[in-house]
Amino acid sequence: MGGIVALAGGVGAAKLLRGIVKVAPEEDVIAIVNTGDDIELHGLYICPDLDIITYTLAGIVDEVKGWGVKDDTFHCLEVLKRYGYETWFNLGDRDLATHIYRTHLLRMGYSLSQVTDEIRKALGVKARILPMSNDKVRTMIMTPIGRLNFQEYLVKRGAKDEVLGVEFEGVNVAKPAPGALEAMERADVIIVCPSNPIVSIGPILAIKGVRETLMETKANVVAISPIVGGAPLKGPADKLMRGLGLEVSAYGVASLYRDFIDAFVMDSVDEAQRKHVEALGLRVFVTNTVMRSLEDSIGLAEEILSMIKGLKQ
Ligand code: GDP
């Protein structure tokens, strides 16, 4: 049994993963997570997507916001503000403990994948969680006011700037995290989670060897559309896709992944695009993909795993 590998961004992926670990043995699941959105603030190393996935699987995520720790307080940030720090990036007190621990271990010489593993074990998560790379990759957004770090574009400026281009700084020399390619080669199933295709899945695919491994693996590779009814459920995927000249639709996402996926799952509201997506040479499954509750997540995970059983055999 080669297990299930999930390529993951933040909230959309976390919601699917919380379902996957309920319908498959959690120890057989490996999430390979985007780190292009990582940012250093207040002397701390912050990995938003890794933390969303870890907190969700640990059952401590703030479910209303989709990120951060539930019932967290923000006293530390208030004091940092009085010291003159910019506090546009919300960091709760409990959440800060993770960043302090991560930064401390990194300074001691641990790699990001070792630190990530320590954190998930300490929080009782049985699924493996891997950063896409231990090397620094930074997603940069080109806008009319200049080149912005992704968190500045999204959080500080509220995704209001026109997108002229996207770059993954450092990606040419970044190596996949140890074990990531091997996990994709060995997997029975690889799931491209419903995450932002440009800035969450895009950086993972841009790491050397990832796309090639996905094309060559014997695993069944399936992607779930994050675009539902012609729009993202949250976040700026539409602005980014449009900025890059792509169609904002399930079809637009399927065409980005067509060279390495076997099957594509899209929402029932997009049924009309089925033939169009099938014409890309993909198996298409249409179902309700919007996860509002744990039951929705479990239902979608069950459907995905039963749909793709035997696709390549
Ligand atoms: P982040 O959470 O902001 O880091 O971003 P993600 O990489 O998770 O991407 C957000 C994307 O996930 C958006 O395009 C959403 O439309 C999509 N998404 C979030 N929740 C769901 C869901 O329940 N179903 C589907 N199909 N897509 C979702």
# chains A, B, ... in the order shown; residues from 1 in each chain; ligands from 1
call {"tool": "residues_near_ligand", "arguments": {"ligand": "ligand 1", "cutoff": "6 Å", "atoms": "only C-alpha atoms and all ligand atoms", "output": "ChimeraX atom specification"}}
result
/A:9-13,49,194-196,200,225-227,232-235,237,289-291
call {"tool": "write_last_selection", "arguments": {"atoms": "N, CA, C and O atoms", "output": "PDB file, in the first residue's frame"}}
result
ATOM      1  N   GLY A   9      -2.516  23.550  -0.386  1.00  0.00           N
ATOM      2  CA  GLY A   9      -2.330  24.939   0.038  1.00  0.00           C
ATOM      3  C   GLY A   9      -2.844  25.047   1.461  1.00  0.00           C
ATOM      4  O   GLY A   9      -2.496  24.220   2.314  1.00  0.00           O
ATOM      5  N   GLY A  10      -3.738  26.004   1.704  1.00  0.00           N
ATOM      6  CA  GLY A  10      -4.228  26.224   3.058  1.00  0.00           C
ATOM      7  C   GLY A  10      -5.614  25.663   3.322  1.00  0.00           C
ATOM      8  O   GLY A  10      -5.819  24.436   3.368  1.00  0.00           O
ATOM      9  N   VAL A  11      -6.583  26.560   3.439  1.00  0.00           N
ATOM     10  CA  VAL A  11      -7.897  26.201   3.981  1.00  0.00           C
ATOM     11  C   VAL A  11      -8.656  25.143   3.162  1.00  0.00           C
ATOM     12  O   VAL A  11      -9.193  24.185   3.723  1.00  0.00           O
ATOM     13  N   GLY A  12      -8.705  25.314   1.841  1.00  0.00           N
ATOM     14  CA  GLY A  12      -9.446  24.356   0.994  1.00  0.00           C
ATOM     15  C   GLY A  12      -8.869  22.955   1.160  1.00  0.00           C
ATOM     16  O   GLY A  12      -9.599  21.963   1.306  1.00  0.00           O
ATOM     17  N   ALA A  13      -7.543  22.881   1.158  1.00  0.00           N
ATOM     18  CA  ALA A  13      -6.864  21.590   1.301  1.00  0.00           C
ATOM     19  C   ALA A  13      -7.110  20.995   2.679  1.00  0.00           C
ATOM     20  O   ALA A  13      -7.372  19.792   2.817  1.00  0.00           O
ATOM     21  N   ASP A  49       0.513  28.030   5.381  1.00  0.00           N
ATOM     22  CA  ASP A  49      -0.184  26.843   4.881  1.00  0.00           C
ATOM     23  C   ASP A  49       0.138  25.600   5.709  1.00  0.00           C
ATOM     24  O   ASP A  49      -0.754  24.808   6.041  1.00  0.00           O
ATOM     25  N   PRO A 194      -8.344  21.158  -3.446  1.00  0.00           N
ATOM     26  CA  PRO A 194      -8.947  22.395  -3.944  1.00  0.00           C
ATOM     27  C   PRO A 194      -8.280  23.601  -3.287  1.00  0.00           C
ATOM     28  O   PRO A 194      -8.729  24.100  -2.266  1.00  0.00           O
ATOM     29  N   SER A 195      -7.181  24.008  -3.877  1.00  0.00           N
ATOM     30  CA  SER A 195      -6.373  25.118  -3.368  1.00  0.00           C
ATOM     31  C   SER A 195      -6.124  26.066  -4.523  1.00  0.00           C
ATOM     32  O   SER A 195      -6.311  25.695  -5.685  1.00  0.00           O
ATOM     33  N   ASN A 196      -5.660  27.252  -4.203  1.00  0.00           N
ATOM     34  CA  ASN A 196      -5.376  28.229  -5.248  1.00  0.00           C
ATOM     35  C   ASN A 196      -4.385  27.625  -6.265  1.00  0.00           C
ATOM     36  O   ASN A 196      -3.263  27.279  -5.899  1.00  0.00           O
ATOM     37  N   SER A 200      -0.835  28.433  -4.592  1.00  0.00           N
ATOM     38  CA  SER A 200      -0.687  27.352  -3.605  1.00  0.00           C
ATOM     39  C   SER A 200      -0.172  26.083  -4.275  1.00  0.00           C
ATOM     40  O   SER A 200       0.830  25.513  -3.853  1.00  0.00           O
ATOM     41  N   SER A 225     -11.480  20.822  -8.298  1.00  0.00           N
ATOM     42  CA  SER A 225     -11.520  22.229  -8.695  1.00  0.00           C
ATOM     43  C   SER A 225     -11.790  23.156  -7.504  1.00  0.00           C
ATOM     44  O   SER A 225     -12.763  22.959  -6.775  1.00  0.00           O
ATOM     45  N   PRO A 226     -10.935  24.177  -7.340  1.00  0.00           N
ATOM     46  CA  PRO A 226     -11.217  25.178  -6.307  1.00  0.00           C
ATOM     47  C   PRO A 226     -12.141  26.273  -6.847  1.00  0.00           C
ATOM     48  O   PRO A 226     -12.583  27.139  -6.089  1.00  0.00           O
ATOM     49  N   ILE A 227     -12.372  26.241  -8.151  1.00  0.00           N
ATOM     50  CA  ILE A 227     -13.259  27.235  -8.761  1.00  0.00           C
ATOM     51  C   ILE A 227     -14.639  26.585  -8.900  1.00  0.00           C
ATOM     52  O   ILE A 227     -14.784  25.533  -9.526  1.00  0.00           O
ATOM     53  N   PRO A 232     -13.789  31.644  -7.115  1.00  0.00           N
ATOM     54  CA  PRO A 232     -13.278  30.922  -5.935  1.00  0.00           C
ATOM     55  C   PRO A 232     -14.261  31.083  -4.779  1.00  0.00           C
ATOM     56  O   PRO A 232     -15.026  32.056  -4.753  1.00  0.00           O
ATOM     57  N   LEU A 233     -14.257  30.163  -3.840  1.00  0.00           N
ATOM     58  CA  LEU A 233     -15.113  30.301  -2.665  1.00  0.00           C
ATOM     59  C   LEU A 233     -14.523  31.324  -1.705  1.00  0.00           C
ATOM     60  O   LEU A 233     -15.226  31.928  -0.913  1.00  0.00           O
ATOM     61  N   LYS A 234     -13.206  31.466  -1.745  1.00  0.00           N
ATOM     62  CA  LYS A 234     -12.529  32.490  -0.948  1.00  0.00           C
ATOM     63  C   LYS A 234     -11.191  32.782  -1.614  1.00  0.00           C
ATOM     64  O   LYS A 234     -10.707  31.980  -2.409  1.00  0.00           O
ATOM     65  N   GLY A 235     -10.623  33.927  -1.271  1.00  0.00           N
ATOM     66  CA  GLY A 235      -9.281  34.228  -1.759  1.00  0.00           C
ATOM     67  C   GLY A 235      -9.260  34.782  -3.176  1.00  0.00           C
ATOM     68  O   GLY A 235     -10.294  34.890  -3.834  1.00  0.00           O
ATOM     69  N   ALA A 237      -8.003  33.720  -6.127  1.00  0.00           N
ATOM     70  CA  ALA A 237      -7.641  32.860  -7.272  1.00  0.00           C
ATOM     71  C   ALA A 237      -8.134  33.470  -8.591  1.00  0.00           C
ATOM     72  O   ALA A 237      -7.461  33.386  -9.620  1.00  0.00           O
ATOM     73  N   THR A 289     -18.837  19.741  -4.259  1.00  0.00           N
ATOM     74  CA  THR A 289     -17.465  19.837  -3.726  1.00  0.00           C
ATOM     75  C   THR A 289     -17.334  20.895  -2.635  1.00  0.00           C
ATOM     76  O   THR A 289     -16.229  21.141  -2.151  1.00  0.00           O
ATOM     77  N   VAL A 290     -18.417  21.539  -2.263  1.00  0.00           N
ATOM     78  CA  VAL A 290     -18.312  22.611  -1.259  1.00  0.00           C
ATOM     79  C   VAL A 290     -18.404  21.999   0.141  1.00  0.00           C
ATOM     80  O   VAL A 290     -19.401  21.360   0.487  1.00  0.00           O
ATOM     81  N   MET A 291     -17.331  22.191   0.919  1.00  0.00           N
ATOM     82  CA  MET A 291     -17.252  21.558   2.244  1.00  0.00           C
ATOM     83  C   MET A 291     -17.574  22.581   3.331  1.00  0.00           C
ATOM     84  O   MET A 291     -16.739  23.404   3.674  1.00  0.00           O
TER      85      MET A 291
END
call {"tool": "residues_around", "arguments": {"residues": "region 111-118 of chain A", "least_positions_apart": "4", "cutoff": "8 Å", "atoms": "only C-alpha atoms", "output": "VMD selection string"}}
result
chain A and resid 50 102 105 to 106 122 128 to 131 133 to 134 177 to 178
call {"tool": "write_last_selection", "arguments": {"atoms": "N, CA, C and O atoms", "output": "compact mmCIF listing (two decimals), in the first residue's frame"}}
result
# COMPACT_ATOMS: atom_id res chain seq x y z
N LEU A 50 1.42 25.44 6.07
CA LEU A 50 1.78 24.29 6.93
C LEU A 50 0.99 24.33 8.23
O LEU A 50 0.50 23.31 8.71
N ARG A 102 9.32 26.94 16.03
CA ARG A 102 9.87 26.67 14.68
C ARG A 102 11.15 27.46 14.47
O ARG A 102 12.17 26.92 14.03
N LEU A 105 14.09 26.07 16.52
CA LEU A 105 14.67 24.83 15.97
C LEU A 105 15.44 25.11 14.67
O LEU A 105 16.50 24.54 14.44
N LEU A 106 14.89 26.00 13.83
CA LEU A 106 15.60 26.32 12.58
C LEU A 106 16.96 26.94 12.90
O LEU A 106 17.96 26.60 12.27
N ALA A 122 4.07 16.66 18.04
CA ALA A 122 3.73 17.25 19.34
C ALA A 122 2.24 17.56 19.42
O ALA A 122 1.64 17.50 20.50
N ARG A 128 1.60 12.39 7.80
CA ARG A 128 2.88 13.08 7.61
C ARG A 128 2.62 14.41 6.91
O ARG A 128 1.77 14.50 6.02
N ILE A 129 3.35 15.43 7.31
CA ILE A 129 3.20 16.74 6.69
C ILE A 129 4.58 17.21 6.25
O ILE A 129 5.49 17.31 7.07
N LEU A 130 4.72 17.41 4.95
CA LEU A 130 6.02 17.82 4.40
C LEU A 130 5.92 19.20 3.78
O LEU A 130 5.00 19.46 3.00
N PRO A 131 6.88 20.08 4.06
CA PRO A 131 6.92 21.31 3.27
C PRO A 131 7.33 20.92 1.85
O PRO A 131 7.98 19.90 1.66
N SER A 133 9.54 22.14 0.08
CA SER A 133 11.00 22.22 -0.02
C SER A 133 11.55 22.74 1.29
O SER A 133 10.87 23.47 2.01
N ASN A 134 12.81 22.37 1.58
CA ASN A 134 13.47 22.97 2.74
C ASN A 134 14.17 24.26 2.34
O ASN A 134 14.69 24.98 3.19
N ALA A 177 11.49 18.62 -0.81
CA ALA A 177 11.82 18.15 0.54
C ALA A 177 12.16 16.67 0.48
O ALA A 177 11.60 15.94 -0.34
N PRO A 178 13.08 16.21 1.35
CA PRO A 178 13.44 14.80 1.35
C PRO A 178 12.19 13.93 1.48
O PRO A 178 11.34 14.18 2.33
call {"tool": "residues_around", "arguments": {"residues": "Glu26 (chain A)", "least_positions_apart": "5", "cutoff": "12 Å", "atoms": "only C-alpha atoms", "output": "VMD selection string"}}
result
chain A and resid 3 to 5 17 to 21 31 57 to 58 124 to 129
call {"tool": "closest_residue", "arguments": {"among": "A:Val189, A:Ile201, A:Val221, A:Leu16", "to": "Leu300 (chain A)", "atoms": "only C-alpha atoms"}}
result
A:Leu16
call {"tool": "closest_residue", "arguments": {"among": "A:Ala24, A:Met108, A:Ala263, A:Ala174", "to": "Asn220 (chain A)", "atoms": "only C-alpha atoms"}}
result
A:Ala263
call {"tool": "select_by_dssp", "arguments": {"residues": "region 87-312 of chain A", "states": "helix (DSSP H, G or I)", "output": "PyMOL selection string"}}
result
chain A and resi 93-107+112-122+150-156+180-186+201-206+210-216+237-243+250-257+268-278+294-308
call {"tool": "select_by_dssp", "arguments": {"residues": "region 213-309 of chain A", "states": "strand (DSSP E)", "output": "list in words"}}
result
Asn220, Val221, Val222, Ala223, Ile224, Ile227, Val228, Ala231, Pro232, Ala263, Phe264, Val265, Met266, Asp267, Arg283, Val284, Phe285, Val286 and Thr287 of chain A
call {"tool": "residues_around", "arguments": {"residues": "Leu240 (chain A)", "least_positions_apart": "3", "cutoff": "10 Å", "atoms": "only C-alpha atoms", "output": "list in words"}}
result
Ile141, Ala159, Glu162, Val163, Leu164, Gly165, Val166, Asn196, Pro197, Ile198, Val199, Gly235, Pro236, Ala237, Gly243, Leu244, Gly245, Leu246 and Val248 of chain A
call {"tool": "residues_around", "arguments": {"residues": "Gly92 (chain A)", "least_positions_apart": "4", "cutoff": "9 Å", "atoms": "only C-alpha atoms", "output": "number ranges by chain"}}
result
A: 68-69, 72-77, 96-97
call {"tool": "write_last_selection", "arguments": {"atoms": "N, CA, C and O atoms", "output": "PDB file, in the first residue's frame"}}
result
ATOM      1  N   GLY A  68      -5.226  29.843  12.117  1.00  0.00           N
ATOM      2  CA  GLY A  68      -5.010  30.186  13.528  1.00  0.00           C
ATOM      3  C   GLY A  68      -5.579  29.125  14.464  1.00  0.00           C
ATOM      4  O   GLY A  68      -6.190  28.150  14.026  1.00  0.00           O
ATOM      5  N   VAL A  69      -5.348  29.346  15.755  1.00  0.00           N
ATOM      6  CA  VAL A  69      -5.769  28.379  16.767  1.00  0.00           C
ATOM      7  C   VAL A  69      -7.102  28.838  17.370  1.00  0.00           C
ATOM      8  O   VAL A  69      -7.275  30.029  17.641  1.00  0.00           O
ATOM      9  N   ASP A  72      -8.038  31.630  20.380  1.00  0.00           N
ATOM     10  CA  ASP A  72      -6.771  32.313  20.635  1.00  0.00           C
ATOM     11  C   ASP A  72      -7.025  33.770  21.066  1.00  0.00           C
ATOM     12  O   ASP A  72      -8.104  34.314  20.826  1.00  0.00           O
ATOM     13  N   THR A  73      -6.026  34.351  21.706  1.00  0.00           N
ATOM     14  CA  THR A  73      -6.089  35.770  22.087  1.00  0.00           C
ATOM     15  C   THR A  73      -4.964  36.496  21.338  1.00  0.00           C
ATOM     16  O   THR A  73      -4.092  35.855  20.756  1.00  0.00           O
ATOM     17  N   PHE A  74      -4.986  37.807  21.365  1.00  0.00           N
ATOM     18  CA  PHE A  74      -4.040  38.573  20.553  1.00  0.00           C
ATOM     19  C   PHE A  74      -3.266  39.598  21.391  1.00  0.00           C
ATOM     20  O   PHE A  74      -2.940  40.665  20.919  1.00  0.00           O
ATOM     21  N   HIS A  75      -2.981  39.244  22.648  1.00  0.00           N
ATOM     22  CA  HIS A  75      -2.308  40.192  23.547  1.00  0.00           C
ATOM     23  C   HIS A  75      -0.898  40.534  23.069  1.00  0.00           C
ATOM     24  O   HIS A  75      -0.484  41.686  23.123  1.00  0.00           O
ATOM     25  N   CYS A  76      -0.174  39.540  22.619  1.00  0.00           N
ATOM     26  CA  CYS A  76       1.211  39.776  22.206  1.00  0.00           C
ATOM     27  C   CYS A  76       1.247  40.776  21.043  1.00  0.00           C
ATOM     28  O   CYS A  76       2.047  41.720  21.050  1.00  0.00           O
ATOM     29  N   LEU A  77       0.355  40.580  20.092  1.00  0.00           N
ATOM     30  CA  LEU A  77       0.313  41.477  18.926  1.00  0.00           C
ATOM     31  C   LEU A  77       0.002  42.927  19.338  1.00  0.00           C
ATOM     32  O   LEU A  77       0.577  43.872  18.802  1.00  0.00           O
ATOM     33  N   LEU A  96       1.581  32.052  18.022  1.00  0.00           N
ATOM     34  CA  LEU A  96       2.956  32.564  18.120  1.00  0.00           C
ATOM     35  C   LEU A  96       3.899  31.535  18.747  1.00  0.00           C
ATOM     36  O   LEU A  96       5.075  31.484  18.399  1.00  0.00           O
ATOM     37  N   ALA A  97       3.368  30.718  19.638  1.00  0.00           N
ATOM     38  CA  ALA A  97       4.220  29.693  20.263  1.00  0.00           C
ATOM     39  C   ALA A  97       4.779  28.754  19.191  1.00  0.00           C
ATOM     40  O   ALA A  97       5.951  28.346  19.249  1.00  0.00           O
TER      41      ALA A  97
END
call {"tool": "closest_residue", "arguments": {"among": "A:Val33, A:Val284, A:Val277, A:Val23", "to": "Ser249 (chain A)", "atoms": "only C-alpha atoms"}}
result
A:Val277
call {"tool": "residues_around", "arguments": {"residues": "Ala187 (chain A)", "least_positions_apart": "5", "cutoff": "12 Å", "atoms": "only C-alpha atoms", "output": "NGL selection string"}}
result
:A and (1-6 or 28-31 or 179-182 or 213-214 or 216-221)
